[in-house]
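Colleague: Here's a structure for you.
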Amino acid sequence: MAQKNYQPYTASRRYITTTDTSDLTKKAPEKALLESIKRSGGRNNQGRITADHRGGGAKRLYRIVDFKRSKTDINAKVVAIEYDPNRSANIALLQYVDGVKSYILAPLGLKIGDSVIASDDADILPGNVLTLKQIPVGTNIHNLELKIGKGGVLVRSAGMAAQIMGKEGDYAQVKLPSGEVRLIHARCRATIGQVGNLDHENVTLGKAGRTRYLGKRPHVRGMAMNPVDHPHGGGEGRSKGGNHPTNVRGLPSKGYKTRGNKRTQRFIVKDRRK
């Protein structure tokens with residue numbers, strides 16, 4: 001997909017860019033594969049805001065994407081490539097030989113008419129699903145499982161790809177897009193190829209309104225607030241009141257280690273920060 005620019009007939013229009021959707025082949029989604037989304041506005045079950053700057057946005061329905069690829073050893077044909085408003089990647093509509101339809105993430109190079117399959121005997125082609133044990137070292141993969149049979153949870157956004165670095169015993173060393181090298185069980189499955197829609201990262205929103213369409217509300221600096229509203233508020237001029245950077249609830253927001261999972265630390269071969 002290419003990037004699309006616009007004539008600057010308004011000030012904001014000068015900077016807006018979008019991805020060219022001419023490669024997409026179907027506008028209306030498959031009705032049987034749609035679900036409604038319940039919006040929280042960033043609030044928890046007590047009605048308190050726990051995720052800031054969320055609310056509004058364009059209405060949309062959720063597309064049920066088959067991250068598990070549970071229909072094994074059955075060929076499927078790609079019948080459409082579609083836009084998904086819930087993710088950065090595009091999705092591909094599959095029709096299996098038994099008539100069942102499902103969505104998957106559309107990898108780079110997948111075209112209408114292509115055949116894909118989830119099987120340990122599958123060829124190393126974009127869209128096919130195999131266990132890590134059967135995938136050659138150096139292959140690009142996405143939609144990667146962390147637990148056997150749970151379905152893909154890693155490497156699912158536009159343009160992303162992980163790489164198998166090596167295999168040792170029951171585990172494979174996988175280099176993730178962050179640079180982290182992690183041990184993942186060789187019986188976990190992954191999809192061959194790189195996620196498509198590479199130009200997504202080059203899109204410029206261009207105006208505040210397009211951010212609001214995505215359900216993101218304005219972000220106000222804590223230093224611009226009063227002391228009652230934020231730990232950084234108040235003071236004559238710009239002042240944090242001697243506090244280290246915190247969020248509105250007073251929790252550290254910079255240099256604060258959030259990972260405390262000692263149980264899975266042994267699976268990290270190389271930390272992404274090093």
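Chain lettering (A, B, ...) mirrors the order of the structure tokens, residue numbering begins at 1 for each chain separately, and ligand numbering begins at 1 in order of display.
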Using only C-alpha atoms, determine which residues lie at most 9 Å from segment 128-135 of chain A, disregarding the query and same-chain residues fewer than 3 positions distant; provide the list as a PyMOL selection string.

Modeller: chain A and resi 69+72+115-125+138-139+164+167+170-172+184-193

Colleague: Which polymer residues have any atom within 9 Å of an atom of Thr204 of chain A, counting only C-alpha atoms, with same-chain residues fewer than 3 positions away left out, as a PyMOL selection string?

Modeller: chain A and resi 15-18+201+207

Colleague: Kindly save the residues from that selection, with C-alpha atoms included, as an mmCIF file, in the first residue's frame.

Modeller:
data_model
loop_
_atom_site.group_PDB
_atom_site.id
_atom_site.type_symbol
_atom_site.label_atom_id
_atom_site.label_comp_id
_atom_site.auth_asym_id
_atom_site.auth_seq_id
_atom_site.Cartn_x
_atom_site.Cartn_y
_atom_site.Cartn_z
ATOM 1 C CA TYR A 15 -0.531 17.661 6.747
ATOM 2 C CA ILE A 16 -3.083 14.811 6.651
ATOM 3 C CA THR A 17 -1.921 11.526 5.118
ATOM 4 C CA THR A 18 -3.680 8.173 4.876
ATOM 5 C CA GLU A 201 3.562 3.823 10.594
ATOM 6 C CA LYS A 207 -5.472 17.398 13.058
#

Colleague: Any chance you could list, as a ChimeraX atom specification, the residues in segment 114-197 of chain A that come up strand (DSSP E or B) when DSSP is run on the backbone?

Modeller: /A:115-116,118,129-131,140-142,144-145,152-154,162-168,171-175,181-185,189-192,195

Colleague: Could you build a table of the residues in segment 224-249 of chain A lying no more than 12 Å from segment 47-53 of chain A, giving for each the nearest pair of atoms and their separation in Å rounded to one decimal place, using only C-alpha atoms, ordered by chain and ascending residue number, as a tab-separated table?

Modeller:
residue	atom	partner	partner_atom	distance
A:Asn247	CA	A:Asp52	CA	9.8
A:Val248	CA	A:Asp52	CA	9.1
A:Arg249	CA	A:Thr50	CA	9.4

Colleague: Please, could you write that set of residues out with N, CA and C atoms as a CSV table (one decimal), in the first residue's frame?

Modeller:
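Once everything was written out, this is out.csv:
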chain,number,residue,atom,x,y,z
A,247,ASN,N,2.0,10.3,37.8
A,247,ASN,CA,0.7,10.4,37.1
A,247,ASN,C,-0.3,11.1,38.1
A,248,VAL,N,-1.5,11.2,37.6
A,248,VAL,CA,-2.5,12.0,38.5
A,248,VAL,C,-2.7,11.3,39.8
A,249,ARG,N,-2.4,10.0,39.9
A,249,ARG,CA,-2.7,9.3,41.2
A,249,ARG,C,-1.4,9.2,42.0

Colleague: Using atom CA of Lys38 of chain A and atom CA of Ile104 of chain A as the two end points, give the distance in Å to one decimal.

Modeller: 22.3 Å

Colleague: Between A:Pro107, A:Ser36, A:Lys71, A:Arg13, which residue has the minimum interatomic distance to Asn86 of chain A, considering only C-alpha atoms?

Modeller: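 Nearest candidate to Asn86 of chain A out of A:Pro107, A:Ser36, A:Lys71, A:Arg13: A:Ser36.
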
Colleague: Grab the atom CA of Asp271 of chain A to atom CA of His244 of chain A distance for me, in Å with one decimal place.

Modeller: 25.9 Å

Colleague: One decimal, in Å: what's the spacing between atom CA of Val203 of chain A and atom CA of Ala2 of chain A?

Modeller: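 A separation of 10.3 Å between them.
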
Colleague: Show which residues sit within 8 Å of Pro231 of chain A, as a list of chain:residue names. Count only C-alpha atoms, and ignore same-chain residues fewer than 3 positions away.

Modeller: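 In the requested form, the answer reads A:Gly222, A:Pro227, A:Val228, A:Lys240, A:Gly241, A:Asn243, A:Thr246, A:Asn247, A:Val248, A:Arg249, A:Gly250.
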
Colleague: Which one of A:Lys147, A:Arg182, A:Arg273, A:Lys175 sits closest to Ala161 of chain A if you count only C-alpha atoms?

Modeller: A:Lys175

Colleague: Can you list, as an MDAnalysis selection string, every protein, DNA or RNA residue that comes within 12 Å of segment 211-220 of chain A when you count only C-alpha atoms, leaving out same-chain residues fewer than 4 positions away?

Modeller: chainID A and resid 16 39:42 51:60 85:88 204:207 224:226 229:230 232:233 247:248

Colleague: Could you go through segment 130-235 of chain A and tell me which residues DSSP, when run on the backbone, assigns to helix (DSSP H, G or I), listing them as a list in words?

Modeller: Leu132, Lys133, Gln134, Leu198, Asp199, His200, Glu201, Asn202, Ala208, Gly209, Arg210, Thr211, Arg212, Tyr213, Gly222, Met223 and Ala224 of chain A

Colleague: Counting only C-alpha atoms, figure out which residue out of A:Gly109, A:Lys77, A:Pro8, A:Asn202 gets nearest to Val97 of chain A.

Modeller: A:Lys77

Colleague: Name the closest residue to Ala162 of chain A among the candidates A:Gln95, A:Ser253, A:Ser22, A:Asn143; distances are taken between atoms, counting only C-alpha atoms.

Modeller: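 Looking at the shortest contact to Ala162 of chain A, the residue is A:Asn143.
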
Colleague: From the list A:Thr10, A:Asn197, A:Asn261, A:Asn5, which residue is nearest Ala92 of chain A when using only C-alpha atoms?

Modeller: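 Of all the options, A:Asn197 lies closest to Ala92 of chain A.
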
Colleague: Point out the residue among A:Glu180, A:Asp199, A:Glu236, A:Asp23 with the least atom-to-atom distance to Ile112 of chain A, counting only C-alpha atoms.

Modeller: A:Asp23

Colleague: Neighbours of Gly196 of chain A within 7 Å (only C-alpha atoms; same-chain residues fewer than 5 positions away dropped), as an mmCIF file with N, CA and C atoms, in the first residue's frame?

Modeller:
data_model
loop_
_atom_site.group_PDB
_atom_site.id
_atom_site.type_symbol
_atom_site.label_atom_id
_atom_site.label_comp_id
_atom_site.auth_asym_id
_atom_site.auth_seq_id
_atom_site.Cartn_x
_atom_site.Cartn_y
_atom_site.Cartn_z
ATOM 1 N N ALA A 89 -3.359 -3.536 11.433
ATOM 2 C CA ALA A 89 -3.209 -4.458 10.307
ATOM 3 C C ALA A 89 -4.532 -4.630 9.572
ATOM 4 N N ASN A 90 -4.450 -5.015 8.301
ATOM 5 C CA ASN A 90 -5.646 -5.417 7.565
ATOM 6 C C ASN A 90 -5.943 -6.878 7.873
ATOM 7 N N ALA A 106 -3.860 -10.242 7.784
ATOM 8 C CA ALA A 106 -3.373 -10.353 6.413
ATOM 9 C C ALA A 106 -1.863 -10.144 6.372
ATOM 10 N N PRO A 107 -1.075 -11.195 6.111
ATOM 11 C CA PRO A 107 0.383 -11.022 6.027
ATOM 12 C C PRO A 107 0.785 -10.358 4.715
ATOM 13 N N LEU A 108 1.994 -9.847 4.685
ATOM 14 C CA LEU A 108 2.528 -9.197 3.497
ATOM 15 C C LEU A 108 2.646 -10.220 2.361
ATOM 16 N N ALA A 158 0.603 -3.932 12.493
ATOM 17 C CA ALA A 158 1.013 -3.736 11.101
ATOM 18 C C ALA A 158 2.532 -3.644 10.964
ATOM 19 N N GLY A 159 3.073 -4.393 9.997
ATOM 20 C CA GLY A 159 4.497 -4.325 9.682
ATOM 21 C C GLY A 159 5.403 -5.123 10.600
#
